[in-house]
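For reference, input34.txt is printed below; it contains compact mmCIF, C-alpha atoms.
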```
# COMPACT_ATOMS: atom_id res chain seq x y z
CA MET V 68 26.16 -17.70 -8.40
CA PHE V 69 24.26 -20.52 -6.73
CA SER V 70 25.87 -23.43 -8.59
CA SER V 71 27.59 -24.75 -5.48
CA ASP V 72 24.22 -25.26 -3.85
CA VAL V 73 22.41 -27.01 -6.69
CA LYS V 74 23.58 -30.49 -5.71
CA ASN V 75 22.09 -30.01 -2.24
CA VAL V 76 18.84 -28.41 -3.33
CA LYS V 77 16.65 -31.47 -2.85
CA ASN V 78 17.79 -32.01 0.73
CA ILE V 79 17.48 -28.34 1.58
CA ASP V 80 14.10 -27.99 -0.05
CA SER V 81 12.74 -31.03 1.76
CA GLU V 82 13.56 -29.18 4.96
CA ILE V 83 11.96 -26.01 3.66
CA ASP V 84 8.77 -27.71 2.48
CA SER V 85 8.35 -29.53 5.79
CA GLU V 86 7.21 -26.20 7.28
CA VAL V 87 9.79 -26.59 10.05
CA ASP V 88 11.61 -23.39 9.13
CA VAL V 89 11.77 -19.77 10.14
CA ILE V 90 8.87 -18.90 7.85
CA SER V 91 6.06 -21.22 8.86
CA LEU V 92 6.75 -22.61 12.32
CA SER V 93 4.05 -22.82 14.91
CA PRO V 94 4.55 -20.63 17.99
CA ASN V 95 5.77 -23.58 20.06
CA GLU V 96 8.04 -25.03 17.38
CA ILE V 97 9.81 -21.85 16.41
CA ASN V 98 11.56 -21.33 19.74
CA THR V 99 12.99 -24.86 19.64
CA GLU V 100 14.00 -24.57 15.98
CA ILE V 101 15.76 -21.25 16.40
CA ASN V 102 17.44 -22.29 19.65
CA THR V 103 18.95 -25.40 18.09
CA GLU V 104 19.92 -23.98 14.69
CA MET V 105 20.69 -20.28 15.15
CA ASN V 106 23.17 -19.57 17.91
CA LEU V 107 23.90 -15.87 17.82
CA LYS V 108 27.18 -14.08 18.37
CA LEU V 109 27.05 -10.76 20.17
CA ASN V 110 29.72 -8.07 20.43
CA SER V 111 31.78 -9.46 17.53
CA GLY V 112 31.82 -12.97 18.93
CA LYS V 113 32.94 -12.07 22.43
CA SER V 114 29.83 -13.66 23.89
CA VAL V 115 27.20 -16.01 22.57
CA LEU V 116 23.47 -15.66 22.92
CA LYS V 117 20.63 -17.87 21.84
CA PRO V 118 17.19 -16.42 21.09
CA ASN V 119 15.79 -17.99 24.25
CA GLN V 120 18.19 -15.76 26.18
CA LEU V 121 16.56 -12.73 24.58
CA LEU V 122 12.92 -13.76 24.89
CA SER V 123 11.49 -16.34 27.22
CA PRO V 124 9.17 -19.00 25.75
CA GLN V 125 6.27 -17.20 27.44
CA GLU V 126 7.22 -13.84 25.92
CA LEU V 127 7.65 -15.36 22.48
CA SER V 128 4.34 -17.19 22.69
CA ALA V 129 2.59 -13.94 23.58
CA LEU V 130 4.22 -12.11 20.68
CA ASN V 131 3.42 -14.93 18.26
CA VAL V 132 -0.35 -14.54 18.64
CA LYS V 133 -2.03 -13.79 15.31
CA SER V 134 -5.18 -11.71 15.06
CA ASN V 135 -7.79 -11.89 12.31
CA VAL V 136 -9.23 -8.60 13.55
CA LYS V 137 -5.92 -6.74 13.37
CA GLY V 138 -5.04 -8.35 10.05
CA THR V 139 -8.40 -7.38 8.57
CA PHE V 140 -8.20 -3.84 9.95
CA GLN V 141 -4.71 -3.40 8.50
CA LEU V 142 -5.74 -4.72 5.09
CA LEU V 143 -8.90 -2.58 4.98
CA GLY V 144 -6.87 0.47 5.98
CA HIS V 145 -4.41 -0.19 3.18
CA LEU V 146 -7.18 -0.67 0.62
CA THR V 147 -8.95 2.47 1.84
CA VAL V 148 -5.82 4.50 1.13
CA MET V 149 -5.58 2.88 -2.30
CA VAL V 150 -9.22 3.50 -3.24
CA GLY V 151 -9.31 7.03 -1.81
CA SER V 152 -6.11 8.19 -3.48
CA GLY V 153 -7.09 6.38 -6.68
CA TYR V 154 -10.39 8.25 -6.74
CA LEU V 155 -8.63 11.60 -6.31
CA TRP V 156 -6.15 10.69 -9.04
CA GLY V 157 -8.84 9.45 -11.42
CA THR V 158 -11.11 12.47 -10.99
CA ASN V 159 -8.35 15.05 -11.33
CA MET V 160 -5.83 13.64 -13.81
CA GLY V 161 -7.84 14.96 -16.76
CA ASN V 162 -7.29 18.53 -15.63
CA LEU V 163 -3.67 18.54 -14.48
CA SER V 164 -3.05 22.17 -15.39
CA ASP V 165 -5.62 23.36 -12.86
CA ARG V 166 -5.77 20.43 -10.42
CA TRP V 167 -2.13 19.30 -10.28
CA PHE V 168 -1.90 20.12 -6.56
CA ILE V 169 -4.49 17.39 -5.95
CA ALA V 170 -3.69 15.00 -8.79
CA ILE V 171 0.08 14.70 -8.29
CA PRO V 172 0.05 13.99 -4.52
CA ALA V 173 -2.85 11.60 -5.11
CA LEU V 174 -0.87 9.80 -7.82
CA VAL V 175 2.16 9.45 -5.55
CA LEU V 176 0.07 8.04 -2.69
CA TYR V 177 -1.96 5.84 -5.04
CA GLY V 178 1.20 4.52 -6.65
CA PHE V 179 2.85 3.87 -3.31
CA SER V 180 -0.25 1.99 -2.12
CA PHE V 181 0.27 -0.38 -5.08
CA ALA V 182 4.02 -0.71 -4.63
CA ILE V 183 3.72 -1.29 -0.89
CA MET V 184 1.28 -4.14 -1.49
CA PHE V 185 4.68 -5.79 -1.23
CA ALA V 186 4.20 -5.47 2.55
CA PRO V 187 1.08 -7.68 2.80
CA LEU V 188 2.68 -9.99 0.22
CA HIS V 189 5.69 -10.31 2.49
CA GLU V 190 3.67 -10.65 5.69
CA SER V 191 1.23 -13.20 4.30
CA SER V 192 4.11 -15.21 2.83
CA HIS V 193 4.96 -15.86 6.48
CA ARG V 194 1.27 -16.68 7.08
CA THR V 195 1.04 -14.22 9.94
CA VAL V 196 -1.71 -11.84 8.74
CA PHE V 197 -4.55 -14.24 9.52
CA THR V 198 -4.89 -17.40 11.59
CA ASN V 199 -6.02 -19.37 8.52
CA ASN V 200 -3.24 -20.41 6.14
CA ARG V 201 -5.55 -20.44 3.12
CA ALA V 202 -6.60 -16.85 3.81
CA ASN V 203 -2.94 -15.85 4.05
CA ASP V 204 -2.12 -17.57 0.76
CA VAL V 205 -5.03 -15.92 -1.08
CA LEU V 206 -3.99 -12.49 0.21
CA CYS V 207 -0.39 -13.24 -0.74
CA TRP V 208 -1.33 -14.02 -4.34
CA PHE V 209 -3.51 -10.95 -4.84
CA ALA V 210 -0.99 -8.67 -3.11
CA GLY V 211 1.64 -10.01 -5.51
CA LEU V 212 -0.68 -9.42 -8.45
CA LEU V 213 -1.08 -5.75 -7.53
CA SER V 214 2.62 -5.19 -6.73
CA PHE V 215 3.97 -7.19 -9.73
CA TYR V 216 5.47 -9.99 -7.65
CA ASN V 217 4.50 -13.63 -7.95
CA SER V 218 3.66 -14.91 -4.50
CA THR V 219 4.40 -18.58 -5.17
CA PHE V 220 7.89 -17.81 -6.45
CA TYR V 221 8.47 -15.16 -3.78
CA ARG V 222 7.62 -17.38 -0.82
CA LEU V 223 10.26 -19.96 -1.78
CA TYR V 224 12.78 -17.24 -2.61
CA HIS V 225 12.09 -15.51 0.68
CA LYS V 226 12.57 -18.69 2.72
CA TRP V 227 16.14 -18.87 1.50
CA HIS V 228 16.64 -15.20 2.25
CA HIS V 229 15.69 -15.89 5.88
CA ARG V 230 17.67 -19.12 6.06
CA TYR V 231 20.82 -17.58 4.58
CA THR V 232 20.50 -13.86 5.37
CA GLN V 233 23.59 -11.96 4.15
CA ILE V 234 25.51 -15.18 3.41
CA LEU V 235 27.42 -14.79 0.15
CA ASP V 236 26.45 -17.20 -2.66
CA LYS V 237 23.45 -18.38 -0.63
CA ASP V 238 21.20 -15.43 0.18
CA PRO V 239 19.29 -14.88 -3.09
CA GLU V 240 18.86 -11.18 -2.30
CA LEU V 241 22.62 -10.76 -2.66
CA SER V 242 22.38 -11.74 -6.32
CA ASP V 243 20.88 -8.28 -6.80
CA ARG V 244 23.96 -6.10 -6.56
CA LYS V 245 23.76 -3.19 -4.12
CA PRO V 246 24.76 0.26 -5.43
CA THR V 247 28.41 1.20 -4.90
CA ASN V 248 28.31 4.75 -6.28
CA LEU V 249 25.84 7.57 -6.74
CA LYS V 250 25.00 6.66 -10.34
CA GLU V 251 24.13 3.08 -9.39
CA TYR V 252 22.19 4.39 -6.39
CA ILE V 253 20.01 6.66 -8.55
CA ILE V 254 19.35 3.84 -11.01
CA GLU V 255 18.42 1.50 -8.15
CA ILE V 256 16.09 3.99 -6.48
CA SER V 257 14.42 4.79 -9.80
CA GLY V 258 13.14 1.22 -10.00
CA ILE V 259 14.59 0.65 -13.48
CA THR V 260 16.58 -2.43 -12.45
CA TRP V 261 13.55 -3.75 -10.55
CA TRP V 262 11.28 -3.48 -13.61
CA ILE V 263 13.84 -5.16 -15.85
CA GLY V 264 14.38 -7.92 -13.31
CA LYS V 265 10.66 -8.52 -12.82
CA PHE V 266 9.82 -8.70 -16.53
CA LYS V 267 12.75 -11.08 -17.07
CA ARG V 268 11.93 -13.28 -14.09
CA HIS V 269 8.21 -13.56 -14.87
CA PHE V 270 9.01 -14.52 -18.48
CA LEU V 271 11.62 -17.11 -17.51
CA THR V 272 9.34 -18.59 -14.86
CA ALA V 273 6.39 -18.76 -17.26
CA ILE V 274 8.46 -20.83 -19.73
CA GLY V 275 9.82 -23.03 -16.94
CA ASN V 276 13.38 -21.72 -16.79
CA PHE V 277 14.63 -21.90 -13.19
CA GLU V 278 18.33 -21.52 -13.87
CA ASN V 279 20.10 -19.94 -10.87
CA CYS V 280 17.02 -20.55 -8.71
CA PRO V 281 18.13 -23.33 -6.33
CA PHE V 282 15.51 -22.11 -3.84
CA ILE V 283 12.78 -23.48 -6.14
CA PRO V 284 12.61 -27.28 -5.62
CA GLU V 285 11.79 -29.41 -8.65
CA ASN V 286 8.56 -30.62 -7.09
CA SER V 287 7.38 -26.99 -6.95
CA TYR V 288 8.15 -26.13 -10.57
CA ALA V 289 4.64 -26.87 -11.84
CA GLU V 290 2.97 -24.86 -9.08
CA VAL V 291 5.21 -21.83 -9.58
CA ILE V 292 4.79 -21.94 -13.37
CA ARG V 293 1.01 -22.27 -13.08
CA SER V 294 0.78 -19.39 -10.60
CA THR V 295 2.95 -17.12 -12.74
CA ARG V 296 1.07 -17.91 -15.94
CA LEU V 297 -2.25 -17.19 -14.23
CA GLN V 298 -0.91 -13.86 -12.99
CA LEU V 299 0.34 -12.89 -16.45
CA LEU V 300 -3.04 -13.91 -17.89
CA VAL V 301 -4.76 -11.45 -15.55
CA TYR V 302 -2.52 -8.68 -16.88
CA VAL V 303 -3.26 -9.70 -20.47
CA VAL V 304 -7.01 -9.61 -19.79
CA ALA V 305 -6.69 -6.18 -18.16
CA ILE V 306 -4.77 -4.89 -21.18
CA ALA V 307 -7.34 -6.41 -23.54
CA ILE V 308 -10.18 -4.66 -21.70
CA SER V 309 -8.35 -1.34 -21.97
CA VAL V 310 -7.75 -1.86 -25.69
CA TYR V 311 -11.33 -2.98 -26.34
CA PHE V 312 -12.77 0.14 -24.74
CA GLN V 313 -9.99 2.29 -26.21
CA GLN V 314 -9.08 3.56 -22.77
CA PRO V 315 -5.62 3.82 -21.15
CA TRP V 316 -6.90 2.28 -17.92
CA PHE V 317 -4.13 -0.33 -17.58
CA ILE V 318 -1.53 2.43 -17.81
CA THR V 319 -3.23 5.22 -15.86
CA TYR V 320 -4.63 3.10 -13.03
CA TRP V 321 -1.88 0.53 -12.55
CA MET V 322 1.36 0.71 -14.50
CA LEU V 323 2.01 4.45 -14.20
CA PRO V 324 1.05 4.61 -10.50
CA LEU V 325 3.20 1.55 -9.74
CA ALA V 326 6.14 3.15 -11.57
CA VAL V 327 5.66 6.33 -9.52
CA GLY V 328 5.40 4.41 -6.24
CA GLN V 329 8.23 1.99 -6.88
CA PRO V 330 11.08 4.42 -6.04
CA ILE V 331 9.59 4.90 -2.57
CA LEU V 332 9.55 1.14 -2.03
CA ARG V 333 13.14 0.85 -3.31
CA PHE V 334 14.10 3.62 -0.87
CA LEU V 335 12.60 1.66 2.02
CA LEU V 336 13.88 -1.79 1.11
CA LEU V 337 17.42 -0.62 0.42
CA ALA V 338 17.69 0.27 4.10
CA GLU V 339 17.11 -3.29 5.34
CA HIS V 340 20.49 -4.93 4.67
CA THR V 341 22.67 -2.46 2.75
CA ASP V 342 26.10 -2.05 4.40
CA ARG V 343 25.34 -4.75 6.93
CA PRO V 344 28.02 -7.44 7.34
CA ASN V 345 27.99 -10.74 5.49
CA THR V 346 27.49 -12.84 8.59
CA ASP V 347 24.92 -15.21 10.04
CA ASN V 348 24.84 -13.08 13.19
CA MET V 349 21.21 -11.97 13.14
CA LEU V 350 21.87 -9.25 15.66
CA ALA V 351 24.18 -7.60 13.12
CA ASN V 352 23.14 -8.50 9.57
CA THR V 353 19.84 -6.59 9.46
CA ARG V 354 18.89 -2.98 10.12
CA THR V 355 15.83 -1.70 11.98
CA THR V 356 14.76 1.81 11.00
CA LEU V 357 12.64 3.86 13.38
CA THR V 358 10.09 5.97 11.52
CA LEU V 359 6.77 7.80 11.89
CA ALA V 360 3.58 5.95 12.81
CA PRO V 361 1.67 6.76 9.56
CA LEU V 362 4.48 5.28 7.48
CA ARG V 363 4.78 2.27 9.79
CA PHE V 364 1.08 1.66 9.22
CA LEU V 365 1.36 1.84 5.44
CA ILE V 366 4.36 -0.50 5.38
CA TRP V 367 2.91 -2.98 7.87
CA ASN V 368 5.72 -2.38 10.39
CA ILE V 369 8.32 -3.77 7.98
CA SER V 370 10.73 -1.14 9.32
CA TYR V 371 11.22 -3.34 12.41
CA HIS V 372 13.25 -5.57 10.17
CA ALA V 373 15.87 -6.91 12.55
CA GLU V 374 13.13 -8.04 14.93
CA HIS V 375 11.36 -9.73 12.04
CA HIS V 376 14.48 -11.60 10.94
CA LEU V 377 15.26 -12.77 14.44
CA TYR V 378 11.72 -14.06 15.03
CA ALA V 379 9.91 -14.45 11.71
CA SER V 380 6.89 -15.96 13.45
CA ILE V 381 5.96 -12.65 15.11
CA PRO V 382 3.09 -10.99 13.19
CA PHE V 383 3.40 -7.42 11.94
CA HIS V 384 1.16 -5.92 14.63
CA GLN V 385 3.43 -7.29 17.39
CA LEU V 386 6.74 -6.06 15.99
CA GLY V 387 6.58 -2.78 17.91
CA ALA V 388 6.26 -4.72 21.16
CA ALA V 389 9.08 -7.00 20.02
CA HIS V 390 11.28 -3.97 19.38
CA ALA V 391 10.67 -2.73 22.92
CA LYS V 392 12.11 -6.02 24.22
CA LEU V 393 14.82 -6.65 21.63
CA GLY V 394 15.91 -3.27 20.25
CA SER V 395 18.85 -2.80 22.60
CA HIS V 396 20.43 -6.08 21.43
CA PHE V 397 20.74 -5.13 17.75
CA GLU V 398 23.88 -3.59 16.33
CA CYS V 399 22.03 -1.36 13.88
CA VAL V 400 18.92 0.58 14.88
CA GLU V 401 18.69 3.88 13.01
CA LYS V 402 16.37 6.86 13.36
CA GLY V 403 14.73 7.67 10.04
CA TYR V 404 15.14 6.45 6.48
CA PHE V 405 16.76 9.68 5.30
CA ASN V 406 19.42 9.24 7.95
CA VAL V 407 20.06 5.69 6.74
CA HIS V 408 20.40 6.83 3.14
CA ARG V 409 22.76 9.63 4.09
CA GLN V 410 24.99 6.96 5.59
CA ILE V 411 24.66 4.71 2.54
CA ILE V 412 25.66 7.56 0.21
CA ALA V 413 28.49 8.65 2.51
CA ASN V 414 29.87 5.11 2.43
CA PHE V 415 30.24 5.24 -1.36
CA GLY V 416 33.31 7.43 -0.88
CA GLU V 417 34.78 5.03 1.66
CA LYS V 418 34.24 2.08 -0.70
CA THR V 419 35.90 3.99 -3.54
CA GLY V 420 38.82 4.88 -1.33
CA ASN V 421 39.21 1.32 -0.11
CA SER V 422 39.10 -0.10 -3.63
CA ALA V 423 41.62 2.47 -4.84
CA ALA V 424 43.98 1.57 -2.04
```
Give the structure from this file in structure tokens form.
Amino acid sequence: MFSSDVKNVKNIDSEIDSEVDVISLSPNEINTEINTEMNLKLNSGKSVLKPNQLLSPQELSALNVKSNVKGTFQLLGHLTVMVGSGYLWGTNMGNLSDRWFIAIPALVLYGFSFAIMFAPLHESSHRTVFTNNRANDVLCWFAGLLSFYNSTFYRLYHKWHHRYTQILDKDPELSDRKPTNLKEYIIEISGITWWIGKFKRHFLTAIGNFENCPFIPENSYAEVIRSTRLQLLVYVVAIAISVYFQQPWFITYWMLPLAVGQPILRFLLLAEHTDRPNTDNMLANTRTTLTLAPLRFLIWNISYHAEHHLYASIPFHQLGAAHAKLGSHFECVEKGYFNVHRQIIANFGEKTGNSAA
């Protein structure tokens, strides 16, 4: 799919690695970078806006402020949910017949807390959780370990997703086909395709196969391979410990919970760009979903996704404030994830009708 871009990968990746991109810009640089590179069309091209016409430099600078305190509080809150629900699951799973009403909800929450470690992985890949880049990178790696992503691979992949959001043959997320009917939707939500894709990608990366990965520059191959192999080694050690003690710990405390939590994450992530147009108009190509505060906390405000794509430098704890200033400019702001999925499912019929015609 990405063959047309391979010849340009070195030039593109030199731009990406320079840190002058939408992922890692400093607060002062990002306004200039976005203003010069990302002119936005509003109202189907009838008028043109630049980001500095939406937020002033002063407003953007205020929203760009990172906070070690808020980042630490968020991370500790997430881990508290994980440990607490894991304790309830671990102390009740042996007596499911009598304690299922505690064990099953605990398993779902525990599993989701693992799956949604994707959120701190994502946030720290932008280096916006903490003020220190090294602290962000360490968090990113461990969050990826727990959620079965590799952070080193993901950060490069995700840069291209931001650079080419919803652009066919360029946005790497579009290589994962969106469901077009109810059967495909159920398979996608189940997490089956995600598990298959992750096992395949980790294996190929570990052996140094980066075919169809133009977002990984050659000078990063060794780092990505080393990071992936280290991650797989951790899993092997965890499995070996379980086998040595003849306990199903690896399954009961990680793999099963992650499998249970993954459909919830699929449900959330499918709402971000599904049925949005293939355009570089960042006011149109991404959906923000308004949801309840407890869920926003658990997902690190990732539901404010259009705001995040427009200004990737804004940390998670400022996205609510960004929405208050920017929400009215976006073409797609929906109330509730169930509402979004009702629309996605309803559109299957329209797609079928259009293809039949």
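For the pair atom CA of Ile256 of chain V and atom CA of Tyr224 of chain V, the interatomic distance is 21.8 Å.
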Give me the residues within 12 Å of segment 403-415 of chain V as a short mmCIF file (atom, residue, chain, number, x, y, z; two decimals) with C-alpha atoms, in the coordinates of the input, counting all atoms listed in the file and dropping any in the same chain fewer than 5 places off.
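What follows is the written file result.cif:
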```cif
data_model
loop_
_atom_site.label_atom_id
_atom_site.label_comp_id
_atom_site.auth_asym_id
_atom_site.auth_seq_id
_atom_site.Cartn_x
_atom_site.Cartn_y
_atom_site.Cartn_z
CA LYS V 245 23.76 -3.19 -4.12
CA PRO V 246 24.76 0.26 -5.43
CA THR V 247 28.41 1.20 -4.90
CA ASN V 248 28.31 4.75 -6.28
CA LEU V 249 25.84 7.57 -6.74
CA LYS V 250 25.00 6.66 -10.34
CA GLU V 251 24.13 3.08 -9.39
CA TYR V 252 22.19 4.39 -6.39
CA ILE V 253 20.01 6.66 -8.55
CA ILE V 256 16.09 3.99 -6.48
CA ILE V 331 9.59 4.90 -2.57
CA LEU V 332 9.55 1.14 -2.03
CA ARG V 333 13.14 0.85 -3.31
CA PHE V 334 14.10 3.62 -0.87
CA LEU V 335 12.60 1.66 2.02
CA LEU V 336 13.88 -1.79 1.11
CA LEU V 337 17.42 -0.62 0.42
CA ALA V 338 17.69 0.27 4.10
CA GLU V 339 17.11 -3.29 5.34
CA HIS V 340 20.49 -4.93 4.67
CA THR V 341 22.67 -2.46 2.75
CA ASP V 342 26.10 -2.05 4.40
CA ARG V 343 25.34 -4.75 6.93
CA ARG V 354 18.89 -2.98 10.12
CA THR V 355 15.83 -1.70 11.98
CA THR V 356 14.76 1.81 11.00
CA LEU V 357 12.64 3.86 13.38
CA THR V 358 10.09 5.97 11.52
CA LEU V 359 6.77 7.80 11.89
CA ALA V 360 3.58 5.95 12.81
CA LEU V 362 4.48 5.28 7.48
CA ARG V 363 4.78 2.27 9.79
CA SER V 370 10.73 -1.14 9.32
CA TYR V 371 11.22 -3.34 12.41
CA GLY V 420 38.82 4.88 -1.33
CA ASN V 421 39.21 1.32 -0.11
CA SER V 422 39.10 -0.10 -3.63
#
```
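Distance annotation: of V:Thr195, V:Asn135, V:Ser152, V:Ser164, the residue with the minimal separation from Ser380 of chain V is V:Thr195; atom set is all atoms listed in the file.
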Enclose all atoms of segment 178-184 of chain V listed in the file in an axis-aligned box, grow every side by 5 Å, and hand back centre and edge lengths in Å to one decimal, as AutoDock Vina command-line options.
```
--center_x 1.9 --center_y 0.2 --center_z -3.8 --size_x 14.3 --size_y 18.7 --size_z 15.8
```
Q. What does the distance between atom CA of Ile169 of chain V and atom CA of Met322 of chain V come to in Å, to one decimal place?
A. 19.6 Å
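Our summary of the geometry notes that atom CA of Arg230 of chain V is positioned 15.7 Å from atom CA of Pro344 of chain V.
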(Q) I'd like the contact shell of Leu386 of chain V - 12 Å cut-off, only C-alpha atoms, skipping same-chain residues fewer than 4 positions apart - returned as a VMD selection string. (A) chain V and resid 127 129 to 133 190 195 355 357 363 to 364 367 to 382 390 to 394
**Q.** Surrounding residues of Val327 of chain V excluding itself and chain neighbours under 2 positions, 12 Å, all atoms listed in the file, as a ChimeraX atom specification
**A.** /V:171-183,256-259,318-325,329-333
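Distances to Pro187 of chain V were evaluated for V:Phe220, V:Trp167, V:Phe397, V:Phe383 using all atoms listed in the file, and the minimum falls at V:Phe383.
Nearest residue to Leu122 of chain V, choosing from V:Arg222, V:His145, V:His228, V:His396 and counting all atoms listed in the file: V:His396.
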Q) Nearest to Leu212 of chain V: which of V:Leu365, V:Ser128, V:Met184, V:Gly151 is it, counting only C-alpha atoms? A) V:Met184
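Closest to Lys267 of chain V among V:Phe312, V:Pro239, V:Tyr216, V:Asn348 is V:Tyr216, based on only C-alpha atoms.
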